[in-house]
file coords.csv (CSV, C-alpha atoms and all ligand atoms)
chain,number,residue,atom,x,y,z
Q,1,MET,CA,-18.7,75.6,41.4
Q,2,PRO,CA,-22.1,76.6,39.8
Q,3,ASP,CA,-22.4,80.4,39.3
Q,4,SER,CA,-25.7,80.3,41.2
Q,5,VAL,CA,-23.9,79.3,44.4
Q,6,VAL,CA,-22.9,82.1,46.8
Q,7,ILE,CA,-20.7,81.5,49.8
Q,8,ARG,CA,-21.9,83.7,52.7
Q,9,PRO,CA,-21.9,83.8,56.6
Q,10,ALA,CA,-24.5,81.5,58.2
Q,11,ARG,CA,-27.4,83.4,59.9
Q,12,ALA,CA,-29.6,82.3,62.8
Q,13,GLU,CA,-32.4,81.4,60.4
Q,14,ASP,CA,-30.2,79.0,58.5
Q,15,ASP,CA,-29.9,76.6,61.6
Q,16,GLU,CA,-32.5,74.1,60.5
Q,17,ALA,CA,-31.2,74.0,56.9
Q,18,ILE,CA,-27.6,73.5,58.1
Q,19,ASP,CA,-28.7,70.7,60.3
Q,20,SER,CA,-30.3,68.9,57.3
Q,21,VAL,CA,-27.3,69.5,55.1
Q,22,ILE,CA,-25.0,68.0,57.7
Q,23,ARG,CA,-27.3,65.0,58.3
Q,24,ALA,CA,-27.6,64.3,54.5
Q,25,ALA,CA,-23.8,64.7,53.9
Q,26,PHE,CA,-22.8,62.4,56.8
Q,27,ALA,CA,-25.5,59.8,56.3
Q,28,ARG,CA,-23.4,58.2,53.6
Q,29,THR,CA,-20.0,58.4,55.2
Q,30,GLU,CA,-18.1,55.8,57.1
Q,31,PHE,CA,-18.8,57.8,60.2
Q,32,GLY,CA,-22.3,56.4,59.9
Q,33,HIS,CA,-23.8,58.5,62.6
Q,34,GLN,CA,-25.6,61.8,62.9
Q,35,GLY,CA,-23.4,63.2,65.6
Q,36,GLU,CA,-21.9,66.0,63.5
Q,37,ALA,CA,-25.1,68.0,63.5
Q,38,GLU,CA,-25.2,67.8,67.3
Q,39,LEU,CA,-21.5,68.7,67.4
Q,40,VAL,CA,-22.2,71.9,65.5
Q,41,ARG,CA,-25.1,72.8,67.8
Q,42,ILE,CA,-22.9,72.4,70.9
Q,43,ILE,CA,-20.0,74.4,69.4
Q,44,GLU,CA,-22.4,77.2,68.6
Q,45,ALA,CA,-24.1,77.1,72.0
Q,46,ASN,CA,-20.7,77.2,73.8
Q,47,GLY,CA,-19.8,80.3,71.7
Q,48,ASP,CA,-16.8,78.4,70.2
Q,49,ALA,CA,-17.8,78.9,66.5
Q,50,ILE,CA,-15.3,81.3,64.8
Q,51,VAL,CA,-16.4,81.1,61.2
Q,52,SER,CA,-19.6,79.4,59.9
Q,53,LEU,CA,-20.3,79.7,56.2
Q,54,VAL,CA,-23.1,78.3,53.9
Q,55,ALA,CA,-23.2,77.7,50.2
Q,56,ASP,CA,-26.5,79.3,49.2
Q,57,GLN,CA,-28.0,78.3,45.9
Q,58,GLY,CA,-31.0,80.5,45.2
Q,59,GLY,CA,-32.1,80.3,48.8
Q,60,THR,CA,-31.4,76.6,49.3
Q,61,ILE,CA,-28.5,75.7,51.5
Q,62,ALA,CA,-26.2,73.2,49.6
Q,63,GLY,CA,-23.2,73.2,52.0
Q,64,HIS,CA,-21.8,74.4,55.2
Q,65,VAL,CA,-18.4,74.7,56.9
Q,66,LEU,CA,-17.6,75.5,60.5
Q,67,PHE,CA,-14.3,76.5,62.1
Q,68,SER,CA,-14.2,76.5,65.9
Q,69,ARG,CA,-11.9,78.0,68.5
Q,70,MET,CA,-8.9,75.9,69.6
Q,71,ASP,CA,-6.5,76.2,72.4
Q,72,VAL,CA,-3.0,76.0,71.0
Q,73,GLU,CA,0.3,76.5,72.9
Q,74,THR,CA,3.7,76.5,71.2
Q,75,GLU,CA,7.3,77.1,72.4
Q,76,GLY,CA,6.7,80.8,71.4
Q,77,GLY,CA,3.4,81.1,73.3
Q,78,ALA,CA,-0.3,80.8,72.5
Q,79,LEU,CA,-1.5,81.0,68.9
Q,80,ALA,CA,-5.0,82.0,67.8
Q,81,ALA,CA,-6.2,78.7,66.3
Q,82,ALA,CA,-9.3,77.3,64.6
Q,83,GLY,CA,-10.3,73.7,63.9
Q,84,LEU,CA,-12.1,72.9,60.6
Q,85,ALA,CA,-15.1,70.6,61.3
Q,86,PRO,CA,-17.4,69.7,60.0
Q,87,VAL,CA,-17.6,70.5,56.3
Q,88,SER,CA,-20.7,69.2,54.5
Q,89,VAL,CA,-22.1,69.3,51.0
Q,90,VAL,CA,-25.5,67.7,50.1
Q,91,PRO,CA,-24.9,64.5,48.2
Q,92,ALA,CA,-26.5,65.8,45.0
Q,93,ARG,CA,-24.1,68.7,44.9
Q,94,GLN,CA,-20.9,67.0,45.8
Q,95,GLY,CA,-17.9,67.0,43.4
Q,96,GLN,CA,-18.8,70.5,42.0
Q,97,GLY,CA,-16.3,72.5,43.9
Q,98,ILE,CA,-18.7,73.7,46.7
Q,99,GLY,CA,-16.7,72.1,49.5
Q,100,ASP,CA,-13.5,73.6,48.0
Q,101,ALA,CA,-15.1,77.1,47.9
Q,102,LEU,CA,-16.5,76.8,51.4
Q,103,ILE,CA,-13.1,75.8,52.9
Q,104,ARG,CA,-11.1,78.5,50.9
Q,105,ALA,CA,-13.6,81.2,52.0
Q,106,GLY,CA,-13.4,80.0,55.5
Q,107,LEU,CA,-9.6,80.1,55.6
Q,108,ASP,CA,-9.8,83.7,54.2
Q,109,ALA,CA,-12.2,84.7,56.9
Q,110,LEU,CA,-9.9,83.2,59.6
Q,111,ARG,CA,-7.0,85.3,58.1
Q,112,GLY,CA,-9.2,88.4,58.3
Q,113,GLN,CA,-9.7,87.6,62.0
Q,114,GLY,CA,-5.9,87.2,62.7
Q,115,VAL,CA,-6.1,83.5,63.3
Q,116,ALA,CA,-2.6,82.0,62.9
Q,117,ILE,CA,-3.1,78.3,62.6
Q,118,SER,CA,-5.8,75.9,61.6
Q,119,PHE,CA,-6.1,72.1,62.2
Q,120,VAL,CA,-8.3,69.5,60.6
Q,121,LEU,CA,-8.9,65.8,61.1
Q,122,GLY,CA,-9.8,64.2,57.8
Q,123,HIS,CA,-8.8,62.6,54.6
Q,124,GLU,CA,-5.1,63.0,53.8
Q,125,THR,CA,-5.9,63.2,50.0
Q,126,TYR,CA,-8.3,66.1,50.3
Q,127,TYR,CA,-7.0,68.7,52.8
Q,128,PRO,CA,-3.4,69.1,51.6
Q,129,ARG,CA,-4.7,71.0,48.5
Q,130,PHE,CA,-5.7,73.9,50.9
Q,131,GLY,CA,-2.3,73.9,52.6
Q,132,TYR,CA,-3.0,71.5,55.4
Q,133,SER,CA,0.0,69.3,56.3
Q,134,PRO,CA,0.3,66.1,58.5
Q,135,GLU,CA,4.0,67.1,59.1
Q,136,LEU,CA,3.0,70.4,60.8
Q,137,ALA,CA,0.3,68.7,62.9
Q,138,ALA,CA,2.7,66.0,64.0
Q,139,ARG,CA,4.6,68.6,65.9
Q,140,PHE,CA,1.7,69.0,68.2
Q,141,ALA,CA,0.5,66.8,71.1
Q,142,SER,CA,-3.2,66.0,70.6
Q,143,PRO,CA,-5.7,63.2,71.4
Q,144,PHE,CA,-6.3,63.2,67.6
Q,145,ALA,CA,-2.7,62.8,66.6
Q,146,GLY,CA,-2.2,60.5,63.6
Q,147,PRO,CA,-2.0,60.5,59.8
Q,148,HIS,CA,-5.4,62.2,59.5
Q,149,PHE,CA,-4.5,65.1,61.7
Q,150,MET,CA,-3.2,68.0,59.6
Q,151,ALA,CA,-2.4,71.7,60.2
Q,152,MET,CA,-1.6,74.8,58.3
Q,153,MET,CA,-0.2,78.2,59.1
Q,154,LEU,CA,-2.7,80.7,57.7
Q,155,ASP,CA,0.2,83.0,56.7
Q,156,SER,CA,2.1,80.7,54.4
Q,157,ASN,CA,5.2,82.7,55.0
Q,158,ALA,CA,5.1,82.2,58.8
Q,159,ALA,CA,7.7,79.9,60.4
Q,160,TRP,CA,6.3,76.6,61.7
Q,161,PRO,CA,6.3,76.3,65.4
Q,162,LEU,CA,8.7,73.7,66.7
Q,163,GLY,CA,6.2,72.0,68.8
Q,164,GLY,CA,3.3,72.4,71.3
Q,165,ARG,CA,-0.1,71.2,72.2
Q,166,ALA,CA,-3.4,71.6,70.3
Q,167,ASP,CA,-6.7,71.1,72.0
Q,168,TYR,CA,-10.1,71.3,70.3
Q,169,ALA,CA,-13.1,73.1,71.9
Q,170,SER,CA,-14.8,71.2,74.7
Q,171,ALA,CA,-17.6,70.0,72.3
Q,172,PHE,CA,-15.0,67.6,70.8
Q,173,ASP,CA,-14.1,66.0,74.1
Q,174,ARG,CA,-16.4,63.0,73.6
Q,175,LEU,CA,-14.7,62.3,70.3
Q,176,GLY,CA,-11.1,62.2,71.5
Q,201,LIG,C1,-16.0,66.3,51.8
Q,201,LIG,C2,-17.0,67.2,51.1
Q,201,LIG,C3,-17.4,68.3,52.0
Q,201,LIG,C4,-16.3,67.7,49.8
Q,201,LIG,O1,-17.2,68.7,49.2
Q,201,LIG,P1,-17.4,68.6,47.6
Q,201,LIG,O2,-18.1,69.9,47.3
Q,201,LIG,O3,-17.9,67.3,47.3
Q,201,LIG,O4,-15.9,68.7,47.2
Q,201,LIG,P2,-15.2,69.5,46.0
Q,201,LIG,O5,-16.2,69.3,44.8
Q,201,LIG,O6,-14.8,70.8,46.4
Q,201,LIG,O7,-13.9,68.6,45.7
Q,201,LIG,C5,-14.1,67.3,45.2
Q,201,LIG,C6,-12.8,66.6,45.6
Q,201,LIG,O8,-13.0,66.1,46.9
Q,201,LIG,C7,-12.7,64.8,46.9
Q,201,LIG,N1,-13.5,64.2,48.0
Q,201,LIG,C8,-14.8,64.4,48.3
Q,201,LIG,N2,-15.1,63.7,49.4
Q,201,LIG,C9,-14.0,63.0,49.8
Q,201,LIG,C10,-13.7,62.1,50.8
Q,201,LIG,N3,-14.6,61.7,51.7
Q,201,LIG,N4,-12.4,61.7,50.9
Q,201,LIG,C11,-11.5,62.1,50.1
Q,201,LIG,N5,-11.7,62.9,49.1
Q,201,LIG,C12,-13.0,63.4,48.9
Q,201,LIG,C13,-13.2,64.3,45.6
Q,201,LIG,O9,-12.5,63.0,45.3
Q,201,LIG,C14,-12.7,65.4,44.7
Q,201,LIG,O10,-11.3,65.2,44.5
Q,201,LIG,P3,-10.6,65.7,43.1
Q,201,LIG,O11,-10.8,67.2,43.0
Q,201,LIG,O12,-9.2,65.3,43.2
Q,201,LIG,O13,-11.4,65.1,42.0
Q,201,LIG,C15,-18.3,66.5,50.7
Q,201,LIG,O14,-18.0,65.4,49.8
Q,201,LIG,C16,-19.1,65.9,51.8
Q,201,LIG,O15,-20.0,66.5,52.4
Q,201,LIG,N6,-18.8,64.6,52.2
Q,201,LIG,C17,-19.5,64.0,53.3
Q,201,LIG,C18,-19.2,64.6,54.6
Q,201,LIG,C19,-17.7,64.5,54.9
Q,201,LIG,O16,-17.1,63.4,54.8
Q,201,LIG,N7,-17.1,65.6,55.4
Q,201,LIG,C20,-15.7,65.7,55.6
Q,201,LIG,C21,-15.3,65.2,57.0
Q,201,LIG,S1,-15.4,66.6,58.2

call {"tool": "encode", "arguments": {"input": "coords.csv", "output": "C-alpha cells", "more": "lines below"}}
Ligand SMILES: CC(C)(COP(=O)(O)OP(=O)(O)OC[C@H]1O[C@@H](n2cnc3c(N)ncnc32)[C@H](O)[C@@H]1OP(=O)(O)O)[C@@H](O)C(=O)NCCC(=O)NCCS
result
Amino acid sequence: MPDSVVIRPARAEDDEAIDSVIRAAFARTEFGHQGEAELVRIIEANGDAIVSLVADQGGTIAGHVLFSRMDVETEGGALAAAGLAPVSVVPARQGQGIGDALIRAGLDALRGQGVAISFVLGHETYYPRFGYSPELAARFASPFAGPHFMAMMLDSNAAWPLGGRADYASAFDRLG
C-alpha cells in the first residue's frame, strides 16, 4: 500500500466521499448496480454499523470498508458478530493493497470490540487470505448460504461453533 495512505475511522464529513468511492468501485463489477451506497446509508441510519474505516490519501478518500452488526446464535448461545460489506477501493487505486489494509484494520477493530465472529459474502479467492472460510460458514443456516458465504473466528484459537443461525442486519433483507 502506498505510504501516503492512512487507514482511519470514517467521520460524518466523509459521507459524500464514501458514497462516491462505493459508486465508482461497484460501477465496474458484475453487481452492475449502485445499491451498495444505499445499503451503507441504511446500515448507518439504523445504527447497525460497527466499524467503518476509510483509506485516506492526503485528504482524498481512496477506499472504504464497513462491518455491520449481525444476529448469530450457536449451540453455545449468541455470539457478537459482524458482517463485512461492502469493501470498496476506487478503480485507479485497486491492486495496491488498500483493500487488504482496510479489511485487516477492520478485523483488528472488531477484535478490540470483543466481536467473536465475522461473515462475508464474496469471492472465494479473495477472502480466505484474511482467515475467512466457507467451511465455517457452512455450519450456519442463512439466506446467503453457498460457496461465497464465508466466516472466521476473530480469535483464531477459538473453537468453531458446531452450528447455528446467522442473520445480517435488516438493511440486507432485500438482498436475501
Ligand atoms: C475488492 C476490492 C475492495 C479489493 O481491493 P484492492 O485494494 O484492489 O485489493 P488489494 O490490492 O488489497 O488486493 C488485490 C488482490 O485482490 C484481488 N481481487 C481484487 N478484486 C477482486 C475480485 N473482485 N475478485 C477476486 N479477487 C479480487 C486481486 O486479484 C489481488 O489478488 P492477488 O493479491 O492474489 O494478486 C476492490 O478491488 C474493489 O473495490 N472492487 C470492486 C468492489 C467489489 O467487488 N467489492 C467486493 C465485494 S463486497

call {"tool": "residues_near_point", "arguments": {"input": "coords.csv", "point": "(-23.6, 79.9, 41.1)", "cutoff": "12 Å", "atoms": "only C-alpha atoms", "output": "NGL selection string"}}
result
:Q and (1-7 or 55-60 or 62 or 93 or 96-98 or 101)

call {"tool": "closest_residue", "arguments": {"input": "coords.csv", "among": "Q:Val72, Q:Ala85, Q:Leu39, Q:Ala171", "to": "Ala137 in chain Q", "atoms": "all atoms listed in the file"}}
result
Q:Val72

call {"tool": "residues_around", "arguments": {"input": "coords.csv", "residues": "Ala166 in chain Q", "least_positions_apart": "5", "cutoff": "8 Å", "atoms": "all atoms listed in the file", "output": "PyMOL selection string"}}
result
chain Q and resi 70-73+140-142

call {"tool": "residues_around", "arguments": {"input": "coords.csv", "residues": "Pro161 in chain Q", "least_positions_apart": "2", "cutoff": "12 Å", "atoms": "all atoms listed in the file", "output": "PyMOL selection string"}}
result
chain Q and resi 72-79+116-117+135-140+151-153+158-159+163-166

call {"tool": "closest_residue", "arguments": {"input": "coords.csv", "among": "Q:Ala169, Q:Ala145, Q:Ile50, Q:Ala25", "to": "ligand LIG 201 (chain Q)", "atoms": "all atoms listed in the file"}}
result
Q:Ala25

call {"tool": "residues_near_ligand", "arguments": {"input": "coords.csv", "ligand": "ligand LIG 201 (chain Q)", "cutoff": "6 Å", "atoms": "all atoms listed in the file", "output": "MDAnalysis selection string"}}
result
chainID Q and resid 25:26 29 85:89 94:100 122:123 125:126

call {"tool": "closest_residue", "arguments": {"input": "coords.csv", "among": "Q:Val90, Q:Phe172, Q:Val40, Q:Ser20", "to": "Leu121 in chain Q", "atoms": "all atoms listed in the file"}}
result
Q:Phe172

call {"tool": "residues_around", "arguments": {"input": "coords.csv", "residues": "Leu154 in chain Q", "least_positions_apart": "5", "cutoff": "8 Å", "atoms": "all atoms listed in the file", "output": "PyMOL selection string"}}
result
chain Q and resi 107+110-111+115-118

call {"tool": "atom_distance", "arguments": {"input": "coords.csv", "atom1": "CA of Ala37 in chain Q", "atom2": "CA of Asp15 in chain Q"}}
result
10.0 Å

call {"tool": "closest_residue", "arguments": {"input": "coords.csv", "among": "Q:Phe130, Q:Val120, Q:Ile61, Q:Ala109", "to": "Gly146 in chain Q", "atoms": "all atoms listed in the file"}}
result
Q:Val120

call {"tool": "atom_distance", "arguments": {"input": "coords.csv", "atom1": "CA of Ser68 in chain Q", "atom2": "CA of Leu162 in chain Q"}}
result
23.1 Å

call {"tool": "closest_residue", "arguments": {"input": "coords.csv", "among": "Q:Val54, Q:Leu102, Q:Ala81, Q:Ile42", "to": "Tyr168 in chain Q", "atoms": "all atoms listed in the file"}}
result
Q:Ala81

call {"tool": "atom_distance", "arguments": {"input": "coords.csv", "atom1": "CA of Ile22 in chain Q", "atom2": "CA of Asp155 in chain Q"}}
result
29.3 Å

call {"tool": "closest_residue", "arguments": {"input": "coords.csv", "among": "Q:Arg8, Q:Met150, Q:Ala92, Q:Phe119", "to": "Val65 in chain Q", "atoms": "only C-alpha atoms"}}
result
Q:Arg8

call {"tool": "decode", "arguments": {"input": "coords.csv", "residues": "range 76-94 of chain Q", "atoms": "N, CA, C and O atoms", "output": "short mmCIF file (atom, residue, chain, number, x, y, z; two decimals), in the first residue's frame"}}
result
data_model
loop_
_atom_site.label_atom_id
_atom_site.label_comp_id
_atom_site.auth_asym_id
_atom_site.auth_seq_id
_atom_site.Cartn_x
_atom_site.Cartn_y
_atom_site.Cartn_z
N GLY Q 76 -23.94 -22.87 21.60
CA GLY Q 76 -23.45 -22.37 22.88
C GLY Q 76 -24.03 -21.02 23.27
O GLY Q 76 -23.60 -20.42 24.25
N GLY Q 77 -24.97 -20.50 22.48
CA GLY Q 77 -25.57 -19.20 22.77
C GLY Q 77 -25.26 -18.18 21.69
O GLY Q 77 -24.70 -18.52 20.64
N ALA Q 78 -25.61 -16.92 21.97
CA ALA Q 78 -25.41 -15.86 20.98
C ALA Q 78 -23.93 -15.48 20.91
O ALA Q 78 -23.22 -15.55 21.91
N LEU Q 79 -23.47 -15.11 19.71
CA LEU Q 79 -22.10 -14.63 19.53
C LEU Q 79 -22.15 -13.21 18.99
O LEU Q 79 -22.94 -12.91 18.09
N ALA Q 80 -21.29 -12.33 19.51
CA ALA Q 80 -21.14 -10.99 18.92
C ALA Q 80 -20.57 -11.18 17.52
O ALA Q 80 -19.52 -11.82 17.35
N ALA Q 81 -21.26 -10.63 16.52
CA ALA Q 81 -20.90 -10.94 15.14
C ALA Q 81 -21.00 -9.72 14.24
O ALA Q 81 -21.80 -8.82 14.49
N ALA Q 82 -20.16 -9.71 13.20
CA ALA Q 82 -20.14 -8.58 12.27
C ALA Q 82 -19.99 -9.09 10.84
O ALA Q 82 -19.16 -9.96 10.57
N GLY Q 83 -20.78 -8.53 9.95
CA GLY Q 83 -20.69 -8.86 8.53
C GLY Q 83 -19.85 -7.82 7.81
O GLY Q 83 -20.00 -6.62 8.04
N LEU Q 84 -18.93 -8.31 6.96
CA LEU Q 84 -18.09 -7.42 6.15
C LEU Q 84 -18.83 -7.13 4.85
O LEU Q 84 -19.08 -8.03 4.06
N ALA Q 85 -19.22 -5.88 4.64
CA ALA Q 85 -19.85 -5.47 3.37
C ALA Q 85 -20.32 -4.03 3.47
O ALA Q 85 -20.91 -3.66 4.48
N PRO Q 86 -20.07 -3.27 2.47
CA PRO Q 86 -19.19 -3.61 1.35
C PRO Q 86 -17.78 -3.11 1.61
O PRO Q 86 -17.54 -2.33 2.53
N VAL Q 87 -16.83 -3.59 0.79
CA VAL Q 87 -15.48 -3.03 0.78
C VAL Q 87 -15.25 -2.47 -0.62
O VAL Q 87 -15.60 -3.13 -1.61
N SER Q 88 -14.72 -1.29 -0.71
CA SER Q 88 -14.60 -0.60 -1.99
C SER Q 88 -13.29 0.16 -2.07
O SER Q 88 -12.90 0.83 -1.12
N VAL Q 89 -12.65 0.05 -3.22
CA VAL Q 89 -11.45 0.87 -3.49
C VAL Q 89 -11.67 1.50 -4.88
O VAL Q 89 -12.14 0.82 -5.81
N VAL Q 90 -11.35 2.78 -5.01
CA VAL Q 90 -11.57 3.44 -6.31
C VAL Q 90 -10.75 2.71 -7.38
O VAL Q 90 -9.62 2.27 -7.11
N PRO Q 91 -11.31 2.56 -8.59
CA PRO Q 91 -10.64 1.76 -9.62
C PRO Q 91 -9.17 2.12 -9.82
O PRO Q 91 -8.32 1.24 -9.95
N ALA Q 92 -8.82 3.39 -9.80
CA ALA Q 92 -7.44 3.79 -10.07
C ALA Q 92 -6.47 3.34 -8.98
O ALA Q 92 -5.26 3.33 -9.20
N ARG Q 93 -6.98 2.98 -7.81
CA ARG Q 93 -6.12 2.59 -6.69
C ARG Q 93 -6.23 1.10 -6.35
O ARG Q 93 -5.68 0.66 -5.35
N GLN Q 94 -6.97 0.36 -7.16
CA GLN Q 94 -7.12 -1.07 -6.86
C GLN Q 94 -5.82 -1.82 -7.13
O GLN Q 94 -4.99 -1.39 -7.93
#
